[in-house]
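Asker: Pasting input.pdb here (PDB, C-alpha atoms and all ligand atoms):
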ATOM      1  CA  MET A   1      78.040 114.591  42.361
ATOM      2  CA  THR A   2      75.489 115.246  45.096
ATOM      3  CA  ILE A   3      73.676 118.056  43.285
ATOM      4  CA  THR A   4      73.686 116.883  39.680
ATOM      5  CA  GLY A   5      71.081 118.747  37.656
ATOM      6  CA  LYS A   6      70.660 121.524  40.192
ATOM      7  CA  VAL A   7      71.157 125.250  39.555
ATOM      8  CA  ALA A   8      73.177 127.281  42.048
ATOM      9  CA  LEU A   9      73.657 131.053  42.165
ATOM     10  CA  VAL A  10      76.766 132.374  43.921
ATOM     11  CA  THR A  11      77.095 136.083  44.677
ATOM     12  CA  GLY A  12      80.611 137.456  44.917
ATOM     13  CA  GLY A  13      81.621 134.556  42.685
ATOM     14  CA  GLY A  14      84.357 136.489  40.885
ATOM     15  CA  ARG A  15      87.148 135.728  43.330
ATOM     16  CA  GLY A  16      88.123 134.300  46.697
ATOM     17  CA  ILE A  17      85.641 132.203  48.643
ATOM     18  CA  GLY A  18      82.854 132.767  46.091
ATOM     19  CA  ARG A  19      85.034 131.462  43.273
ATOM     20  CA  ALA A  20      85.949 128.371  45.318
ATOM     21  CA  ILE A  21      82.296 127.730  46.183
ATOM     22  CA  ALA A  22      81.270 128.070  42.518
ATOM     23  CA  LEU A  23      83.976 125.643  41.360
ATOM     24  CA  ARG A  24      83.108 123.128  44.087
ATOM     25  CA  LEU A  25      79.382 123.196  43.411
ATOM     26  CA  ALA A  26      80.158 122.760  39.712
ATOM     27  CA  ASP A  27      82.287 119.720  40.576
ATOM     28  CA  ASP A  28      79.324 118.488  42.649
ATOM     29  CA  GLY A  29      77.249 118.557  39.446
ATOM     30  CA  ALA A  30      75.440 121.897  39.521
ATOM     31  CA  ALA A  31      75.090 124.528  36.821
ATOM     32  CA  ILE A  32      76.394 127.816  38.182
ATOM     33  CA  ALA A  33      75.153 131.397  37.936
ATOM     34  CA  LEU A  34      77.836 133.849  38.987
ATOM     35  CA  VAL A  35      76.878 137.285  40.286
ATOM     36  CA  ASP A  36      79.440 139.976  41.007
ATOM     37  CA  THR A  37      80.187 143.637  40.351
ATOM     38  CA  ASN A  38      83.409 142.563  38.604
ATOM     39  CA  GLU A  39      82.471 141.249  35.151
ATOM     40  CA  GLN A  40      86.024 140.360  34.117
ATOM     41  CA  ASN A  41      86.672 138.203  37.168
ATOM     42  CA  MET A  42      83.312 136.484  36.769
ATOM     43  CA  GLU A  43      84.005 135.601  33.144
ATOM     44  CA  ALA A  44      87.317 134.036  34.149
ATOM     45  CA  VAL A  45      85.581 131.848  36.745
ATOM     46  CA  ALA A  46      82.845 130.951  34.260
ATOM     47  CA  ALA A  47      85.549 129.790  31.838
ATOM     48  CA  GLU A  48      87.052 127.584  34.565
ATOM     49  CA  ILE A  49      83.632 126.041  35.195
ATOM     50  CA  ARG A  50      83.040 125.364  31.506
ATOM     51  CA  GLU A  51      86.505 123.787  31.228
ATOM     52  CA  ARG A  52      85.241 121.311  33.852
ATOM     53  CA  GLY A  53      82.326 120.425  31.604
ATOM     54  CA  ARG A  54      79.717 122.323  33.579
ATOM     55  CA  LYS A  55      77.333 125.099  32.566
ATOM     56  CA  ALA A  56      77.986 128.636  33.805
ATOM     57  CA  THR A  57      76.409 132.017  33.270
ATOM     58  CA  THR A  58      77.317 135.451  34.615
ATOM     59  CA  PHE A  59      75.185 138.401  35.686
ATOM     60  CA  GLN A  60      76.815 141.663  36.696
ATOM     61  CA  ALA A  61      74.960 143.075  39.704
ATOM     62  CA  ASP A  62      75.409 144.988  42.926
ATOM     63  CA  VAL A  63      73.748 142.938  45.686
ATOM     64  CA  SER A  64      72.897 146.096  47.616
ATOM     65  CA  SER A  65      70.251 146.717  44.945
ATOM     66  CA  ARG A  66      67.096 144.702  45.608
ATOM     67  CA  GLN A  67      66.033 144.901  41.977
ATOM     68  CA  GLN A  68      69.402 143.752  40.675
ATOM     69  CA  VAL A  69      69.308 140.722  42.985
ATOM     70  CA  TYR A  70      65.819 139.791  41.783
ATOM     71  CA  ASP A  71      66.995 140.265  38.172
ATOM     72  CA  ALA A  72      69.999 138.021  38.867
ATOM     73  CA  VAL A  73      67.772 135.233  40.188
ATOM     74  CA  ASP A  74      65.491 135.542  37.148
ATOM     75  CA  HIS A  75      68.541 135.414  34.882
ATOM     76  CA  ALA A  76      69.832 132.260  36.568
ATOM     77  CA  GLU A  77      66.466 130.540  36.088
ATOM     78  CA  SER A  78      66.104 131.540  32.432
ATOM     79  CA  ALA A  79      69.731 130.913  31.464
ATOM     80  CA  LEU A  80      70.141 127.578  33.257
ATOM     81  CA  GLY A  81      66.578 126.221  33.285
ATOM     82  CA  GLY A  82      65.988 126.047  37.008
ATOM     83  CA  PHE A  83      66.834 127.456  40.440
ATOM     84  CA  ASP A  84      67.707 125.384  43.515
ATOM     85  CA  ILE A  85      70.545 126.863  45.599
ATOM     86  CA  MET A  86      71.258 130.497  46.569
ATOM     87  CA  VAL A  87      74.655 131.324  48.063
ATOM     88  CA  ASN A  88      74.688 134.875  49.446
ATOM     89  CA  ASN A  89      78.460 135.122  49.612
ATOM     90  CA  ALA A  90      79.211 138.687  48.464
ATOM     91  CA  GLY A  91      80.530 140.926  51.214
ATOM     92  CA  ILE A  92      83.010 143.622  52.046
ATOM     93  CA  ALA A  93      85.194 144.171  55.088
ATOM     94  CA  GLN A  94      85.773 147.505  56.775
ATOM     95  CA  VAL A  95      88.537 148.261  59.271
ATOM     96  CA  GLN A  96      87.783 151.409  61.267
ATOM     97  CA  PRO A  97      87.758 152.387  64.957
ATOM     98  CA  LEU A  98      84.130 152.828  66.063
ATOM     99  CA  SER A  99      84.875 156.403  67.115
ATOM    100  CA  GLU A 100      85.823 157.274  63.540
ATOM    101  CA  VAL A 101      83.366 155.354  61.397
ATOM    102  CA  THR A 102      81.348 157.626  59.099
ATOM    103  CA  GLU A 103      77.696 157.577  58.001
ATOM    104  CA  ASN A 104      78.779 156.766  54.446
ATOM    105  CA  GLU A 105      80.937 153.851  55.605
ATOM    106  CA  VAL A 106      78.074 152.435  57.671
ATOM    107  CA  SER A 107      75.523 152.713  54.869
ATOM    108  CA  THR A 108      77.937 151.157  52.369
ATOM    109  CA  ILE A 109      78.723 148.052  54.424
ATOM    110  CA  LEU A 110      75.129 147.631  55.603
ATOM    111  CA  GLY A 111      74.038 147.825  51.978
ATOM    112  CA  VAL A 112      76.289 144.992  50.853
ATOM    113  CA  ASN A 113      76.622 142.712  53.877
ATOM    114  CA  LEU A 114      73.138 143.047  55.391
ATOM    115  CA  GLU A 115      70.796 144.248  52.677
ATOM    116  CA  GLY A 116      72.600 142.158  50.033
ATOM    117  CA  VAL A 117      71.955 139.006  52.044
ATOM    118  CA  LEU A 118      68.374 140.053  52.831
ATOM    119  CA  TRP A 119      67.552 140.662  49.147
ATOM    120  CA  GLY A 120      69.198 137.360  48.289
ATOM    121  CA  ILE A 121      67.106 135.510  50.858
ATOM    122  CA  GLN A 122      63.941 137.277  49.748
ATOM    123  CA  ALA A 123      64.502 136.796  46.014
ATOM    124  CA  ALA A 124      65.468 133.124  46.375
ATOM    125  CA  ALA A 125      62.550 132.252  48.650
ATOM    126  CA  THR A 126      60.152 134.027  46.292
ATOM    127  CA  LYS A 127      61.524 132.061  43.340
ATOM    128  CA  PHE A 128      61.287 128.735  45.173
ATOM    129  CA  GLN A 129      57.683 129.509  46.132
ATOM    130  CA  GLU A 130      56.820 130.523  42.544
ATOM    131  CA  ARG A 131      58.330 127.265  41.290
ATOM    132  CA  LYS A 132      56.534 125.332  44.034
ATOM    133  CA  GLN A 133      59.752 123.552  44.970
ATOM    134  CA  PRO A 134      62.055 123.265  47.968
ATOM    135  CA  GLY A 135      65.361 125.123  47.979
ATOM    136  CA  LYS A 136      68.581 125.909  49.848
ATOM    137  CA  ILE A 137      69.649 129.343  50.981
ATOM    138  CA  ILE A 138      73.224 129.637  52.248
ATOM    139  CA  ASN A 139      74.619 132.879  53.689
ATOM    140  CA  ALA A 140      78.107 134.151  54.445
ATOM    141  CA  SER A 141      78.514 135.013  58.099
ATOM    142  CA  SER A 142      81.876 134.675  59.874
ATOM    143  CA  ILE A 143      83.573 134.134  63.213
ATOM    144  CA  ALA A 144      82.979 137.877  63.201
ATOM    145  CA  GLY A 145      79.315 136.980  63.448
ATOM    146  CA  HIS A 146      79.998 135.311  66.805
ATOM    147  CA  ASP A 147      82.732 137.543  68.301
ATOM    148  CA  GLY A 148      83.111 141.316  68.027
ATOM    149  CA  PHE A 149      86.663 142.121  66.930
ATOM    150  CA  ALA A 150      88.321 145.477  67.606
ATOM    151  CA  MET A 151      88.536 147.775  64.573
ATOM    152  CA  LEU A 152      85.992 145.584  62.747
ATOM    153  CA  GLY A 153      82.940 146.596  64.764
ATOM    154  CA  VAL A 154      80.488 147.480  62.033
ATOM    155  CA  TYR A 155      81.650 144.538  59.905
ATOM    156  CA  CYS A 156      81.002 142.251  62.885
ATOM    157  CA  ALA A 157      77.578 143.826  63.362
ATOM    158  CA  THR A 158      76.678 142.920  59.779
ATOM    159  CA  LYS A 159      77.850 139.319  60.268
ATOM    160  CA  PHE A 160      75.913 138.997  63.551
ATOM    161  CA  ALA A 161      72.926 140.312  61.590
ATOM    162  CA  VAL A 162      73.379 137.598  58.941
ATOM    163  CA  ARG A 163      73.001 135.016  61.710
ATOM    164  CA  ALA A 164      69.762 136.665  62.815
ATOM    165  CA  LEU A 165      68.418 136.760  59.251
ATOM    166  CA  THR A 166      69.387 133.094  58.866
ATOM    167  CA  GLN A 167      67.425 132.079  61.962
ATOM    168  CA  SER A 168      64.355 134.172  61.095
ATOM    169  CA  ALA A 169      64.299 133.034  57.461
ATOM    170  CA  ALA A 170      64.672 129.389  58.509
ATOM    171  CA  LYS A 171      61.556 129.718  60.685
ATOM    172  CA  GLU A 172      59.544 131.592  58.054
ATOM    173  CA  TYR A 173      60.335 129.321  55.113
ATOM    174  CA  ALA A 174      60.512 125.865  56.713
ATOM    175  CA  SER A 175      56.932 125.080  55.688
ATOM    176  CA  ASP A 176      57.978 125.646  52.052
ATOM    177  CA  GLY A 177      60.758 123.073  52.347
ATOM    178  CA  ILE A 178      63.376 125.821  52.163
ATOM    179  CA  THR A 179      66.387 125.477  54.465
ATOM    180  CA  VAL A 180      68.472 128.520  55.431
ATOM    181  CA  ASN A 181      71.952 128.207  56.950
ATOM    182  CA  SER A 182      75.172 130.224  57.136
ATOM    183  CA  TYR A 183      78.863 129.432  57.052
ATOM    184  CA  CYS A 184      81.219 131.127  59.515
ATOM    185  CA  PRO A 185      84.802 130.964  58.247
ATOM    186  CA  GLY A 186      87.812 132.186  60.209
ATOM    187  CA  VAL A 187      90.900 133.710  58.612
ATOM    188  CA  VAL A 188      90.861 132.864  54.895
ATOM    189  CA  GLY A 189      93.766 133.868  52.667
ATOM    190  CA  THR A 190      91.889 135.954  50.108
ATOM    191  CA  ASP A 191      92.160 139.458  48.705
ATOM    192  CA  MET A 192      89.781 140.555  51.462
ATOM    193  CA  TRP A 193      92.420 139.708  54.052
ATOM    194  CA  VAL A 194      95.100 141.472  52.052
ATOM    195  CA  GLU A 195      92.938 144.584  52.249
ATOM    196  CA  ILE A 196      92.202 144.081  55.971
ATOM    197  CA  ASP A 197      95.885 143.643  56.763
ATOM    198  CA  GLU A 198      96.866 146.734  54.752
ATOM    199  CA  ARG A 199      94.280 148.828  56.599
ATOM    200  CA  PHE A 200      95.492 147.595  59.995
ATOM    201  CA  ALA A 201      99.037 148.525  58.945
ATOM    202  CA  GLU A 202      97.852 152.030  58.026
ATOM    203  CA  LEU A 203      95.984 152.508  61.294
ATOM    204  CA  THR A 204      98.399 150.902  63.755
ATOM    205  CA  GLY A 205     101.791 151.160  62.108
ATOM    206  CA  ALA A 206     102.141 147.366  62.240
ATOM    207  CA  PRO A 207     104.284 145.930  59.436
ATOM    208  CA  LYS A 208     102.339 144.594  56.449
ATOM    209  CA  GLY A 209     101.439 140.972  57.065
ATOM    210  CA  ALA A 210     101.756 141.265  60.851
ATOM    211  CA  THR A 211      98.025 141.478  61.595
ATOM    212  CA  TYR A 212      97.235 138.517  59.349
ATOM    213  CA  GLU A 213     100.005 136.453  60.977
ATOM    214  CA  LYS A 214      98.774 137.398  64.464
ATOM    215  CA  PHE A 215      95.289 136.132  63.659
ATOM    216  CA  VAL A 216      96.667 132.953  62.061
ATOM    217  CA  GLU A 217      98.828 132.233  65.125
ATOM    218  CA  GLY A 218      95.632 131.811  67.122
ATOM    219  CA  ILE A 219      94.318 129.007  64.927
ATOM    220  CA  ALA A 220      94.511 125.618  66.685
ATOM    221  CA  LEU A 221      95.064 123.671  63.456
ATOM    222  CA  GLY A 222      98.109 125.824  62.756
ATOM    223  CA  ARG A 223      97.380 127.190  59.293
ATOM    224  CA  ALA A 224      95.307 129.852  57.594
ATOM    225  CA  GLN A 225      92.037 128.722  56.016
ATOM    226  CA  THR A 226      91.810 128.281  52.251
ATOM    227  CA  PRO A 227      88.774 129.187  50.162
ATOM    228  CA  GLU A 228      88.464 125.468  49.383
ATOM    229  CA  ASP A 229      88.117 124.696  53.118
ATOM    230  CA  VAL A 230      85.041 126.929  53.110
ATOM    231  CA  ALA A 231      83.733 125.512  49.827
ATOM    232  CA  GLY A 232      83.826 121.991  51.263
ATOM    233  CA  PHE A 233      81.400 122.981  54.001
ATOM    234  CA  VAL A 234      79.185 124.888  51.576
ATOM    235  CA  SER A 235      79.109 121.746  49.430
ATOM    236  CA  TYR A 236      77.546 119.963  52.432
ATOM    237  CA  LEU A 237      75.047 122.785  52.986
ATOM    238  CA  ALA A 238      74.076 122.705  49.288
ATOM    239  CA  GLY A 239      73.589 118.929  49.195
ATOM    240  CA  PRO A 240      70.903 116.512  50.428
ATOM    241  CA  ASP A 241      72.892 115.460  53.523
ATOM    242  CA  SER A 242      72.047 118.821  55.130
ATOM    243  CA  ASP A 243      68.290 118.586  54.439
ATOM    244  CA  TYR A 244      67.546 118.285  58.159
ATOM    245  CA  MET A 245      69.630 121.346  59.100
ATOM    246  CA  THR A 246      68.204 124.860  59.117
ATOM    247  CA  GLY A 247      68.722 128.159  60.901
ATOM    248  CA  GLN A 248      72.313 127.315  61.833
ATOM    249  CA  SER A 249      75.545 129.317  61.518
ATOM    250  CA  PRO A 250      78.347 126.903  62.410
ATOM    251  CA  MET A 251      81.963 127.959  62.702
ATOM    252  CA  ILE A 252      84.446 126.417  60.302
ATOM    253  CA  ASP A 253      87.633 128.236  61.355
ATOM    254  CA  GLY A 254      90.352 125.695  62.142
ATOM    255  CA  GLY A 255      89.786 126.185  65.871
ATOM    256  CA  LEU A 256      89.706 129.901  66.646
ATOM    257  CA  VAL A 257      86.300 130.766  68.097
ATOM    258  CA  TYR A 258      84.534 128.115  70.155
ATOM    259  CA  ARG A 259      80.756 128.106  70.610
TER     260      ARG A 259
HETATM  261  N1  LIG B   1      88.288 136.221  53.876
HETATM  262  C1  LIG B   1      87.949 135.860  55.099
HETATM  263  O1  LIG B   1      88.820 135.640  55.972
HETATM  264  C2  LIG B   1      86.521 135.720  55.501
HETATM  265  C3  LIG B   1      85.480 136.093  54.639
HETATM  266  N2  LIG B   1      84.177 135.954  55.071
HETATM  267  C4  LIG B   1      83.066 136.343  54.189
HETATM  268  O2  LIG B   1      83.102 135.551  53.007
HETATM  269  C5  LIG B   1      82.612 136.302  51.896
HETATM  270  C6  LIG B   1      83.644 136.281  50.773
HETATM  271  O3  LIG B   1      84.847 136.799  51.290
HETATM  272  P1  LIG B   1      86.197 136.830  50.392
HETATM  273  O4  LIG B   1      86.113 135.865  49.279
HETATM  274  O5  LIG B   1      87.336 136.751  51.340
HETATM  275  O6  LIG B   1      86.113 138.327  49.818
HETATM  276  P2  LIG B   1      86.759 138.969  48.513
HETATM  277  O7  LIG B   1      86.792 140.443  48.773
HETATM  278  O8  LIG B   1      88.029 138.284  48.159
HETATM  279  O9  LIG B   1      85.674 138.657  47.370
HETATM  280  C7  LIG B   1      84.395 139.232  47.492
HETATM  281  C8  LIG B   1      83.725 139.221  46.134
HETATM  282  O10 LIG B   1      82.451 139.860  46.275
HETATM  283  C9  LIG B   1      82.312 140.835  45.264
HETATM  284  N3  LIG B   1      81.445 141.940  45.747
HETATM  285  C10 LIG B   1      81.767 142.881  46.676
HETATM  286  N4  LIG B   1      80.745 143.735  46.839
HETATM  287  C11 LIG B   1      79.752 143.324  45.992
HETATM  288  C12 LIG B   1      78.453 143.801  45.703
HETATM  289  N5  LIG B   1      77.978 144.917  46.291
HETATM  290  N6  LIG B   1      77.707 143.119  44.799
HETATM  291  C13 LIG B   1      78.207 142.019  44.167
HETATM  292  N7  LIG B   1      79.442 141.518  44.399
HETATM  293  C14 LIG B   1      80.194 142.174  45.301
HETATM  294  C15 LIG B   1      83.726 141.309  44.954
HETATM  295  O11 LIG B   1      83.809 141.883  43.648
HETATM  296  C16 LIG B   1      84.514 140.005  45.068
HETATM  297  O12 LIG B   1      84.530 139.303  43.855
HETATM  298  C17 LIG B   1      82.313 137.706  52.444
HETATM  299  O13 LIG B   1      80.936 137.807  52.757
HETATM  300  C18 LIG B   1      83.145 137.770  53.719
HETATM  301  O14 LIG B   1      82.591 138.667  54.671
HETATM  302  C19 LIG B   1      83.855 135.439  56.301
HETATM  303  C20 LIG B   1      84.851 135.070  57.161
HETATM  304  C21 LIG B   1      86.240 135.185  56.826
HETATM  305  C1  LIG B   2      87.095 138.786  57.245
HETATM  306  C2  LIG B   2      86.556 138.010  58.368
HETATM  307  O1  LIG B   2      85.386 137.759  58.518
HETATM  308  C3  LIG B   2      87.498 137.523  59.325
HETATM  309  C4  LIG B   2      87.012 137.090  60.610
HETATM  310  O2  LIG B   2      88.630 137.443  59.019
END
What does the file become when written as structure tokens?
Ligand SMILES: NC(=O)C1=CN([C@@H]2O[C@H](COP(=O)(O)OP(=O)(O)OC[C@H]3O[C@@H](n4cnc5c(N)ncnc54)[C@H](O)[C@@H]3O)[C@@H](O)[C@H]2O)C=CC1
Ligand SMILES: CC(=O)C(C)=O
Answerer:
Amino acid sequence: MTITGKVALVTGGGRGIGRAIALRLADDGAAIALVDTNEQNMEAVAAEIRERGRKATTFQADVSSRQQVYDAVDHAESALGGFDIMVNNAGIAQVQPLSEVTENEVSTILGVNLEGVLWGIQAAATKFQERKQPGKIINASSIAGHDGFAMLGVYCATKFAVRALTQSAAKEYASDGITVNSYCPGVVGTDMWVEIDERFAELTGAPKGATYEKFVEGIALGRAQTPEDVAGFVSYLAGPDSDYMTGQSPMIDGGLVYR
């Protein structure tokens, strides 16, 4: 119960890693604001949180819209009576050879994975400063933010960029008592990986499941990551034990990429 009484906002909280983070932070004692484009999924997660005896609210928003992200932060504060932790988790993957990627594809993924995190950082820091309180900003990068993978080039570029934003924001906001860190998962069994695997199958002719299994085979600990594995690390980043950590983007990947 390390964050009892705190308010946490989780973008992309409707499924996968975001859902696991929201449930874990609720178990840690926080009230949760869920933000996602998918209202139905969010409501289901909110119901799970309430069943655990915690407060939850939902706000449908597209994180690529600066205004919608600011509105989501305002909603979290007004609905839950405070604002302490911002988890910029929402993101999309994109499997495409660099020679074939289109302008529309680039602008779409930059909008969500880069701009969405930037607006989340900006809106959260602004709210913490308005409230004259410290805060935690936690961003979703990836092992793809440390290594460039074939067929995932623009996705990797966005995750490298999240690391840069994390470092710059940490330096800019340290004097306000705001820490900014990222989490870098490996291969997590979510719907995102189902979509990645299906796209690889389309492009390469590999059997469905083969790409996912190939990535998992490289993991030293011998199993795919679960969303709860990621949520456990985010629980640390959201709690007081990480107060002296900022600007970092550590890997938590079961032993796949070593830095
Ligand atoms: N699944 C994996 O293996 C890994 C995932 N990550 C990152 O973790 C984060 C979560 O990934 P997953 O849970 O696997 O993905 P997911 O695709 O299963 O869930 C993503 C959630 O974000 C929401 N979302 C997508 N675009 C949005 C937008 N524009 N505005 C608001 N919500 C939006 C979706 O509706 C969905 O609920 C992403 O940033 C991803 O890049 C990082 C490393 C590995
Ligand atoms: C989706 C993602 O970031 C990886 C590395 O699987």
Asker: The PyMOL selection byres (((not hetatm)) within 6 of (chain B and resi 1)) on the file shown: which residues, as a ChimeraX atom specification?
Answerer: /A:11-18,36-38,61-64,89-92,112,140-142,184-188,190-193
Asker: From the set A:Asn181, A:Gln40, A:Asn113, A:Ser249, which residue has the shortest atom-to-atom contact distance to His146 (chain A), counting only C-alpha atoms?
Answerer: A:Ser249
Asker: Do you have, as JSON lines, the list of residues of region 119-238 of chain A lying at most 6 Å from region 80-86 of chain A, each with its nearest atom pair and that distance in Å to one decimal, counting only C-alpha atoms and ordered by chain then number?
Answerer:
{"residue": "A:Gly135", "atom": "CA", "partner": "A:Asp84", "partner_atom": "CA", "distance": 5.0}
{"residue": "A:Lys136", "atom": "CA", "partner": "A:Ile85", "partner_atom": "CA", "distance": 4.8}
{"residue": "A:Ile137", "atom": "CA", "partner": "A:Met86", "partner_atom": "CA", "distance": 4.8}
Asker: Between A:Gly5, A:Gly153, A:Pro134, A:Gly145, which residue has the minimum interatomic distance to Leu25 (chain A), considering all atoms listed in the file?
Answerer: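 Going through A:Gly5, A:Gly153, A:Pro134, A:Gly145 one by one, the smallest distance to Leu25 (chain A) is for A:Gly5.
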Asker: When distances are computed from all atoms listed in the file, which of A:Leu203, A:Ala144, A:Leu9, A:Ile49 shows the smallest separation from ligand LIG 2 (chain B)?
Answerer: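 That would be A:Ala144, the residue with the smallest distance to ligand LIG 2 (chain B).
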Asker: Rounded to one decimal in Å, what is the spacing between CA of Ala72 (chain A) and CA of Ala161 (chain A)?
Answerer: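 Distance between the two atoms: 23.0 Å.
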Asker: Give me the result of the PyMOL selection byres (((chain A and resi 233) around 10) and not hetatm) on this file, residue by residue, as a PyMOL selection string.
Answerer: chain A and resi 21+183-185+228-232+234-238+250+252
Asker: Taking only C-alpha atoms and all ligand atoms into account, name the residue in A:Ala174, A:Leu221, A:Ala20, A:Ala93 that is nearest to ligand LIG 2 (chain B).
Answerer: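 That would be A:Ala93, the residue with the smallest distance to ligand LIG 2 (chain B).
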Asker: Care to translate the PyMOL selection byres (((chain A and resi 96) around 12) and not hetatm) into actual residues of this file, as a list in words?
Answerer: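 Evaluating the PyMOL selection byres (((chain A and resi 96) around 12) and not hetatm) on these coordinates yields Ala93, Gln94, Val95, Pro97, Leu98, Ser99, Glu100, Val101, Thr102, Glu105, Val106, Ile109, Phe149, Ala150, Met151, Leu152, Gly153, Val154, Tyr155, Cys156, Ile196, Arg199, Phe200, Ala201, Glu202, Leu203 and Thr204 of chain A.
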Asker: I'd like to know which of A:Leu114, A:Ala169, A:Ala125, A:Ala8 is closest to Arg24 (chain A), using all atoms listed in the file.
Answerer: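 The closest residue to Arg24 (chain A) is A:Ala8.
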Asker: Between A:Arg259, A:Gly177, A:Ala157, A:Ala206, which has the minimum distance to ligand LIG 2 (chain B) (counting only C-alpha atoms and all ligand atoms)?
Answerer: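 Of the candidates, the smallest distance to ligand LIG 2 (chain B) is held by A:Ala157.
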Asker: When you draw a straight line from CA of Arg66 (chain A) to CA of Asp28 (chain A), how long is it in Å?
Answerer: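 Between CA of Arg66 (chain A) and CA of Asp28 (chain A) the gap is 29.1 Å.
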Asker: Please report, as a tab-separated table, each residue of region 158-182 of chain A lying at most 12 Å from region 115-118 of chain A, together with the nearest pair of atoms and the separation in Å rounded to one decimal; use only C-alpha atoms, and order rows by chain and ascending residue number.
Answerer:
residue	atom	partner	partner_atom	distance
A:Thr158	CA	A:Glu115	CA	9.3
A:Lys159	CA	A:Val117	CA	10.1
A:Ala161	CA	A:Val117	CA	9.7
A:Val162	CA	A:Val117	CA	7.2
A:Arg163	CA	A:Val117	CA	10.5
A:Ala164	CA	A:Leu118	CA	10.6
A:Leu165	CA	A:Leu118	CA	7.2
A:Thr166	CA	A:Leu118	CA	9.3
A:Ser168	CA	A:Leu118	CA	10.9
A:Ala169	CA	A:Leu118	CA	9.3
A:Val180	CA	A:Val117	CA	11.6
A:Asn181	CA	A:Val117	CA	11.9
A:Ser182	CA	A:Val117	CA	10.6
Asker: Rounded to one decimal, what separation in Å do you get between CA of His75 (chain A) and CA of Ile3 (chain A)?
Answerer: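 Computing it gives 20.0 Å between the two atoms.
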Asker: I'd like the box whose edges run along x, y and z of the file and which contains every listed atom of ligand LIG 2 (chain B), padded by 3 Å per side; could you state its centre and edge lengths in Å, one decimal, as JSON?
Answerer:
{"center_x": 87.0, "center_y": 137.9, "center_z": 58.9, "size_x": 9.2, "size_y": 7.7, "size_z": 9.4}
Asker: Please identify all polymer residues within 8 Å of Glu39 (chain A), counting all atoms listed in the file, omitting same-chain residues fewer than 6 positions from it, and present them as number ranges by chain.
Answerer: A: 14, 58-60
Asker: Would you kindly return, as a list in words, each protein, DNA or RNA residue with an atom no farther than 8 Å from any atom of Val73 (chain A), considering only C-alpha atoms and excluding same-chain residues fewer than 2 positions away?
Answerer: Leu9, Val69, Tyr70, Asp71, His75, Ala76, Glu77, Phe83, Ala123, Ala124 and Lys127 of chain A
Asker: Near Ala46 (chain A), counting all atoms listed in the file, which residues have an atom at most 9 Å away, once you skip same-chain residues fewer than 3 positions from it, shown as an mmCIF file with C-alpha atoms, in the coordinates of the input?
Answerer:
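File produced: selection.cif:
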data_model
loop_
_atom_site.group_PDB
_atom_site.id
_atom_site.type_symbol
_atom_site.label_atom_id
_atom_site.label_comp_id
_atom_site.auth_asym_id
_atom_site.auth_seq_id
_atom_site.Cartn_x
_atom_site.Cartn_y
_atom_site.Cartn_z
ATOM 1 C CA GLY A 14 84.357 136.489 40.885
ATOM 2 C CA ALA A 22 81.270 128.070 42.518
ATOM 3 C CA LEU A 23 83.976 125.643 41.360
ATOM 4 C CA ILE A 32 76.394 127.816 38.182
ATOM 5 C CA ALA A 33 75.153 131.397 37.936
ATOM 6 C CA LEU A 34 77.836 133.849 38.987
ATOM 7 C CA ASN A 41 86.672 138.203 37.168
ATOM 8 C CA MET A 42 83.312 136.484 36.769
ATOM 9 C CA GLU A 43 84.005 135.601 33.144
ATOM 10 C CA ILE A 49 83.632 126.041 35.195
ATOM 11 C CA ARG A 50 83.040 125.364 31.506
ATOM 12 C CA GLU A 51 86.505 123.787 31.228
ATOM 13 C CA LYS A 55 77.333 125.099 32.566
ATOM 14 C CA ALA A 56 77.986 128.636 33.805
ATOM 15 C CA THR A 57 76.409 132.017 33.270
ATOM 16 C CA THR A 58 77.317 135.451 34.615
#
